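Asks: Contents are compact mmCIF, C-alpha atoms and all ligand atoms; file name structure03.txt:
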```
# COMPACT_ATOMS: atom_id res chain seq x y z
CA MET B 1 88.80 136.46 118.81
CA ILE B 2 91.45 135.80 116.15
CA VAL B 3 94.14 133.36 117.26
CA ILE B 4 97.10 131.97 115.33
CA PHE B 5 98.64 128.62 116.28
CA LEU B 6 102.30 128.66 115.31
CA GLY B 7 104.77 125.82 115.68
CA PRO B 8 106.64 123.06 113.87
CA PRO B 9 104.87 119.99 112.44
CA GLY B 10 103.82 117.73 115.30
CA ALA B 11 103.85 120.52 117.90
CA GLY B 12 100.17 119.98 118.67
CA LYS B 13 98.64 122.91 116.75
CA GLY B 14 95.78 120.84 115.37
CA THR B 15 95.05 119.08 118.67
CA GLN B 16 95.01 122.29 120.68
CA ALA B 17 93.08 124.27 118.07
CA ALA B 18 90.40 121.56 118.03
CA TYR B 19 90.11 121.78 121.82
CA ILE B 20 89.81 125.57 121.83
CA SER B 21 87.36 125.49 118.92
CA GLN B 22 85.10 123.09 120.81
CA LYS B 23 85.38 124.96 124.09
CA ARG B 24 84.86 128.49 122.75
CA GLY B 25 82.59 127.76 119.78
CA ILE B 26 84.81 129.37 117.15
CA PRO B 27 85.93 127.54 114.01
CA GLN B 28 89.35 125.98 113.49
CA LEU B 29 90.69 126.88 110.05
CA SER B 30 93.31 124.28 109.15
CA THR B 31 94.82 125.04 105.75
CA GLY B 32 96.42 121.55 105.75
CA ASP B 33 92.98 119.93 106.20
CA MET B 34 91.47 122.21 103.53
CA LEU B 35 94.22 121.31 101.06
CA ARG B 36 93.81 117.60 101.79
CA ALA B 37 90.05 117.96 101.25
CA ALA B 38 90.74 119.71 97.92
CA ILE B 39 92.99 116.80 96.90
CA THR B 40 90.29 114.25 97.77
CA ALA B 41 87.68 116.28 95.92
CA GLY B 42 89.99 116.55 92.90
CA THR B 43 89.61 120.33 92.55
CA PRO B 44 92.13 122.39 90.51
CA VAL B 45 93.76 123.57 93.77
CA GLY B 46 93.93 119.96 94.98
CA LYS B 47 95.61 118.88 91.76
CA LYS B 48 98.32 121.52 92.24
CA ALA B 49 98.71 120.83 95.97
CA LYS B 50 99.20 117.06 95.86
CA ALA B 51 102.81 116.95 94.64
CA VAL B 52 103.79 119.90 96.82
CA ILE B 53 102.42 118.31 100.00
CA ASP B 54 103.95 114.93 99.21
CA ALA B 55 107.33 116.66 98.85
CA GLY B 56 106.90 118.39 102.23
CA GLU B 57 107.02 121.79 100.55
CA LEU B 58 104.66 124.75 100.64
CA VAL B 59 101.75 125.59 98.39
CA SER B 60 102.03 129.14 96.99
CA ASP B 61 101.29 132.15 99.19
CA GLU B 62 98.57 133.34 96.80
CA ILE B 63 96.69 130.04 96.87
CA VAL B 64 96.63 129.57 100.64
CA ALA B 65 95.94 133.25 101.36
CA GLY B 66 93.05 133.11 98.88
CA ILE B 67 91.61 130.04 100.58
CA ILE B 68 91.77 131.75 103.97
CA ALA B 69 90.37 135.07 102.72
CA ASP B 70 87.32 133.27 101.30
CA ARG B 71 86.86 131.13 104.38
CA ILE B 72 86.89 133.96 106.93
CA ASP B 73 84.08 135.73 105.09
CA GLU B 74 81.76 132.87 105.99
CA ASP B 75 79.19 133.49 108.70
CA ASP B 76 80.67 131.23 111.35
CA CYS B 77 83.86 133.33 111.46
CA ARG B 78 82.07 136.48 112.60
CA LYS B 79 82.84 135.91 116.29
CA GLY B 80 86.39 134.85 115.51
CA PHE B 81 88.49 131.99 114.20
CA LEU B 82 91.57 129.91 114.95
CA LEU B 83 94.29 129.65 112.32
CA ASP B 84 96.03 126.26 112.38
CA GLY B 85 98.87 125.98 109.86
CA PHE B 86 98.59 129.46 108.32
CA PRO B 87 100.50 131.75 107.87
CA ARG B 88 103.63 129.73 107.07
CA THR B 89 105.82 132.37 105.40
CA LEU B 90 106.52 136.05 106.07
CA GLU B 91 104.74 136.92 102.84
CA GLN B 92 101.65 135.00 104.03
CA ALA B 93 101.82 136.89 107.35
CA ARG B 94 101.86 140.20 105.49
CA MET B 95 98.99 139.09 103.26
CA LEU B 96 97.03 138.05 106.34
CA ASP B 97 97.64 141.47 107.92
CA ASP B 98 96.09 143.07 104.83
CA ILE B 99 93.17 140.61 104.72
CA ILE B 100 92.39 141.30 108.39
CA ALA B 101 92.91 145.08 108.26
CA PHE B 102 90.66 145.30 105.19
CA ARG B 103 87.90 143.73 107.30
CA ASN B 104 88.57 146.12 110.23
CA ARG B 105 89.60 143.27 112.45
CA LYS B 106 92.79 142.44 114.36
CA ILE B 107 94.85 139.44 115.44
CA ASP B 108 94.47 138.95 119.21
CA VAL B 109 97.32 136.57 119.91
CA VAL B 110 99.84 134.24 118.30
CA LEU B 111 100.42 131.08 120.33
CA ALA B 112 103.99 129.88 119.73
CA LEU B 113 104.12 126.18 120.63
CA GLN B 114 107.67 125.14 121.47
CA VAL B 115 108.72 121.49 121.20
CA ASP B 116 112.21 119.88 120.90
CA GLU B 117 113.03 118.49 117.48
CA ASN B 118 113.70 114.96 118.85
CA ALA B 119 110.29 114.91 120.47
CA LEU B 120 108.70 115.85 117.13
CA VAL B 121 110.11 112.80 115.36
CA ASP B 122 108.97 110.58 118.27
CA ARG B 123 105.50 112.08 118.03
CA LEU B 124 105.42 111.46 114.27
CA ASN B 125 106.27 107.80 114.83
CA SER B 126 103.55 107.39 117.43
CA ARG B 127 101.03 109.22 115.20
CA ILE B 128 101.83 106.75 112.38
CA GLN B 129 101.49 103.78 114.76
CA GLN B 130 98.22 105.01 116.29
CA THR B 131 96.72 105.62 112.85
CA LYS B 132 97.68 102.12 111.71
CA ASP B 133 96.36 100.56 114.95
CA ALA B 134 93.06 102.33 114.41
CA GLY B 135 92.91 100.97 110.85
CA GLY B 136 93.18 104.48 109.39
CA GLU B 137 95.17 105.75 106.45
CA VAL B 138 98.55 107.33 107.27
CA ARG B 139 99.00 110.79 105.70
CA SER B 140 101.16 110.59 102.57
CA ASP B 141 103.53 113.19 104.07
CA ASP B 142 103.75 111.43 107.45
CA ASN B 143 106.94 109.46 106.89
CA VAL B 144 110.35 110.19 108.35
CA GLU B 145 111.91 111.46 105.12
CA THR B 146 109.15 113.94 104.22
CA PHE B 147 108.82 114.94 107.86
CA ARG B 148 112.51 115.96 107.95
CA LYS B 149 111.84 118.15 104.92
CA ARG B 150 108.79 119.66 106.65
CA LEU B 151 110.94 120.46 109.70
CA GLU B 152 113.54 122.13 107.49
CA VAL B 153 110.85 124.16 105.71
CA TYR B 154 109.52 125.17 109.12
CA SER B 155 112.89 126.44 110.35
CA THR B 156 113.77 128.36 107.20
CA GLN B 157 110.35 129.73 106.17
CA THR B 158 108.01 129.68 109.17
CA ALA B 159 110.19 130.24 112.25
CA PRO B 160 110.92 133.86 111.13
CA LEU B 161 107.26 134.60 111.93
CA ILE B 162 108.10 134.40 115.64
CA PRO B 163 110.25 137.60 115.65
CA TYR B 164 107.78 139.18 113.17
CA TYR B 165 104.88 138.76 115.60
CA ARG B 166 107.01 139.30 118.71
CA ASP B 167 107.83 142.79 117.43
CA GLN B 168 104.08 143.44 117.29
CA GLY B 169 103.70 142.23 120.89
CA LEU B 170 101.46 139.37 119.80
CA ILE B 171 103.44 136.28 120.83
CA ALA B 172 102.45 134.09 123.79
CA ASP B 173 105.06 131.37 124.36
CA ILE B 174 103.56 127.96 125.10
CA ASP B 175 105.57 125.01 126.40
CA GLY B 176 104.45 122.30 123.98
CA MET B 177 106.52 119.60 125.72
CA LYS B 178 103.94 119.29 128.51
CA PRO B 179 101.09 116.74 128.42
CA ILE B 180 98.16 117.70 126.17
CA ASN B 181 95.86 118.80 129.01
CA VAL B 182 98.58 120.95 130.59
CA VAL B 183 99.24 122.67 127.26
CA SER B 184 95.48 123.24 126.89
CA ALA B 185 95.40 124.85 130.34
CA GLN B 186 98.29 127.19 129.43
CA ILE B 187 96.43 128.24 126.28
CA ASP B 188 93.14 128.71 128.16
CA SER B 189 94.80 131.04 130.61
CA VAL B 190 96.36 133.12 127.80
CA LEU B 191 92.96 133.41 126.07
CA ASP B 192 91.16 134.20 129.35
CA GLY B 193 93.60 137.09 129.80
CA LEU B 194 92.68 138.75 126.48
CA SER B 195 90.54 141.84 126.87
O1 LIG B 201 99.40 122.08 108.57
P1 LIG B 201 99.66 120.68 108.10
O2 LIG B 201 100.83 120.06 108.77
O3 LIG B 201 98.45 119.83 108.10
O4 LIG B 201 100.07 120.86 106.56
C1 LIG B 201 100.43 119.74 105.79
C2 LIG B 201 101.07 120.18 104.50
O5 LIG B 201 100.18 121.01 103.76
C3 LIG B 201 102.33 121.03 104.66
O6 LIG B 201 103.49 120.26 104.88
C4 LIG B 201 102.37 121.75 103.31
O7 LIG B 201 102.85 120.91 102.29
C5 LIG B 201 100.90 122.01 103.06
N1 LIG B 201 100.49 123.34 103.54
C6 LIG B 201 100.92 124.45 102.85
N2 LIG B 201 100.57 125.70 103.27
C7 LIG B 201 99.83 125.85 104.37
C8 LIG B 201 99.39 124.74 105.11
C9 LIG B 201 99.75 123.47 104.66
O8 LIG B 201 101.62 124.32 101.84
N3 LIG B 201 99.49 127.10 104.76
MG MG B 202 97.91 119.84 111.65
```
Show me this structure written as structure tokens.

Replies:
Amino acid sequence: MIVIFLGPPGAGKGTQAAYISQKRGIPQLSTGDMLRAAITAGTPVGKKAKAVIDAGELVSDEIVAGIIADRIDEDDCRKGFLLDGFPRTLEQARMLDDIIAFRNRKIDVVLALQVDENALVDRLNSRIQQTKDAGGEVRSDDNVETFRKRLEVYSTQTAPLIPYYRDQGLIADIDGMKPINVVSAQIDSVLDGLS
């Protein structure tokens, strides 16, 4: 099962993908987490990605598509995988189509999580507060200014993926304004309905 989680920053992609990954035993591939790990490890990709992420912009299509292509060839992706945060541009979506077709596989569904913009900023503020309360380190791009940039990048570069995948009949609309467990239930029922 190949599932794409699509939605603006703070929509709950990571939370829901983690739930589905746990429940169905298929890996969650979060390009954001992979890039942050590369930054921490100080790899060449990490060195390039740091400034881009801190500016709320996007790492190049070639770099992220390459990371994903390598990752899905690992053994644990044989049964399927969940894409959280990729693709983010139309070019990435086309590259992903090629990567998947080349491996004789297909995308099963694209979950489009819909959340109001005001709610996203509220969620960001509570994510910052919760991280601080827990004594954790707030992400360098989790501040209101960078977040606004991330939202703008989402609407100009990523939102066009919704009509792209809708034309292919792959979109399942998910109401991301509901409580976490209700959103999880909506997603479960979409995935249960896949043949
Ligand atoms: O997906 P997530 O919100 O964790 O991504 C955090 C940041 O990582 C993005 O704002 C962007 O700068 C970078 N990123 C990217 N390309 C991706 C995924 C993440 O440039 N495919
Ligand atoms: Mg995330």

Asks: With all atoms listed in the file as the atoms that count, which of B:Val138, B:Val59, B:Leu194, B:Ile26 lies nearest to Thr89 in chain B?

Replies: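 Smallest distance to Thr89 in chain B is found for B:Val59.
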
Asks: Just need the box for ligand LIG 201 (chain B), edges along x, y and z, holding every atom the file lists for it with 4 Å tacked onto each side, so centre and edge lengths in Å to one decimal, as JSON.

Replies:
```
{"center_x": 101.0, "center_y": 123.4, "center_z": 105.3, "size_x": 13.0, "size_y": 15.4, "size_z": 14.9}
```

Asks: Kindly provide, as JSON, numbers by chain, all nucleotide and amino acid residues lying within 7 Å of ligand LIG 201 (chain B), counting only C-alpha atoms and all ligand atoms.

Replies: {"B": [9, 30, 31, 32, 33, 35, 52, 53, 54, 56, 57, 58, 59, 60, 64, 84, 85, 86, 87, 88, 150]}

Asks: Which residue, B:Val190, B:Ser140, B:Arg94, B:Thr158, has the smallest gap to Ala51 in chain B when you use all atoms listed in the file?

Replies: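 Looking at the shortest contact to Ala51 in chain B, the residue is B:Ser140.
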
Asks: Name the closest residue to Val3 in chain B among the candidates B:Ala134, B:Met177, B:Cys77, B:Val121; distances are taken between atoms, counting all atoms listed in the file.

Replies: B:Cys77

Asks: Excluding Pro179 in chain B and its own-chain neighbours fewer than 6 positions away, which residues fall within 12 Å of it when counting only C-alpha atoms? Please give them as a ChimeraX atom specification.

Replies: /B:11-12,15-16,115,185-186

Asks: So what do you get for CA of Tyr19 in chain B versus CA of Gly135 in chain B, distance-wise?

Replies: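 Computing the Euclidean distance for CA of Tyr19 in chain B and CA of Gly135 in chain B yields 23.7 Å.
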
Asks: Between CA of Asn143 in chain B and CA of Lys178 in chain B, what is the distance in Å, rounded to a tenth?

Replies: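 Distance between the two atoms: 23.9 Å.
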
Asks: With all atoms listed in the file as the atoms that count, which of B:Gly25, B:Thr156, B:Ile99, B:Leu124 lies nearest to ligand MG 202 (chain B)?

Replies: B:Leu124

Asks: What's the separation between CA of Lys132 in chain B and CA of Arg36 in chain B, in Å to one decimal place?

Replies: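 Interatomic distance here is 18.8 Å.
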
Asks: With distances taken over all atoms listed in the file, which residue among B:Glu91, B:Asp188, B:Asp142, B:Glu62 lies nearest ligand MG 202 (chain B)?

Replies: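 The shortest atom-to-atom distance to ligand MG 202 (chain B) comes from B:Asp142.
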
Asks: I need the residue nearest ligand MG 202 (chain B) from this list: B:Arg78, B:Lys149, B:Arg105, B:Arg127. Use all atoms listed in the file for the distance.

Replies: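 Answer, going by the shortest atom-to-atom distance: B:Arg127.
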
Asks: When you look at Leu83 in chain B with a cut-off of 9 Å (counting only C-alpha atoms), what residues show up, excluding the ones that are within fewer than 6 positions of it in the same chain? I need them as a PyMOL selection string.

Replies: chain B and resi 2-6+17+27-31+68
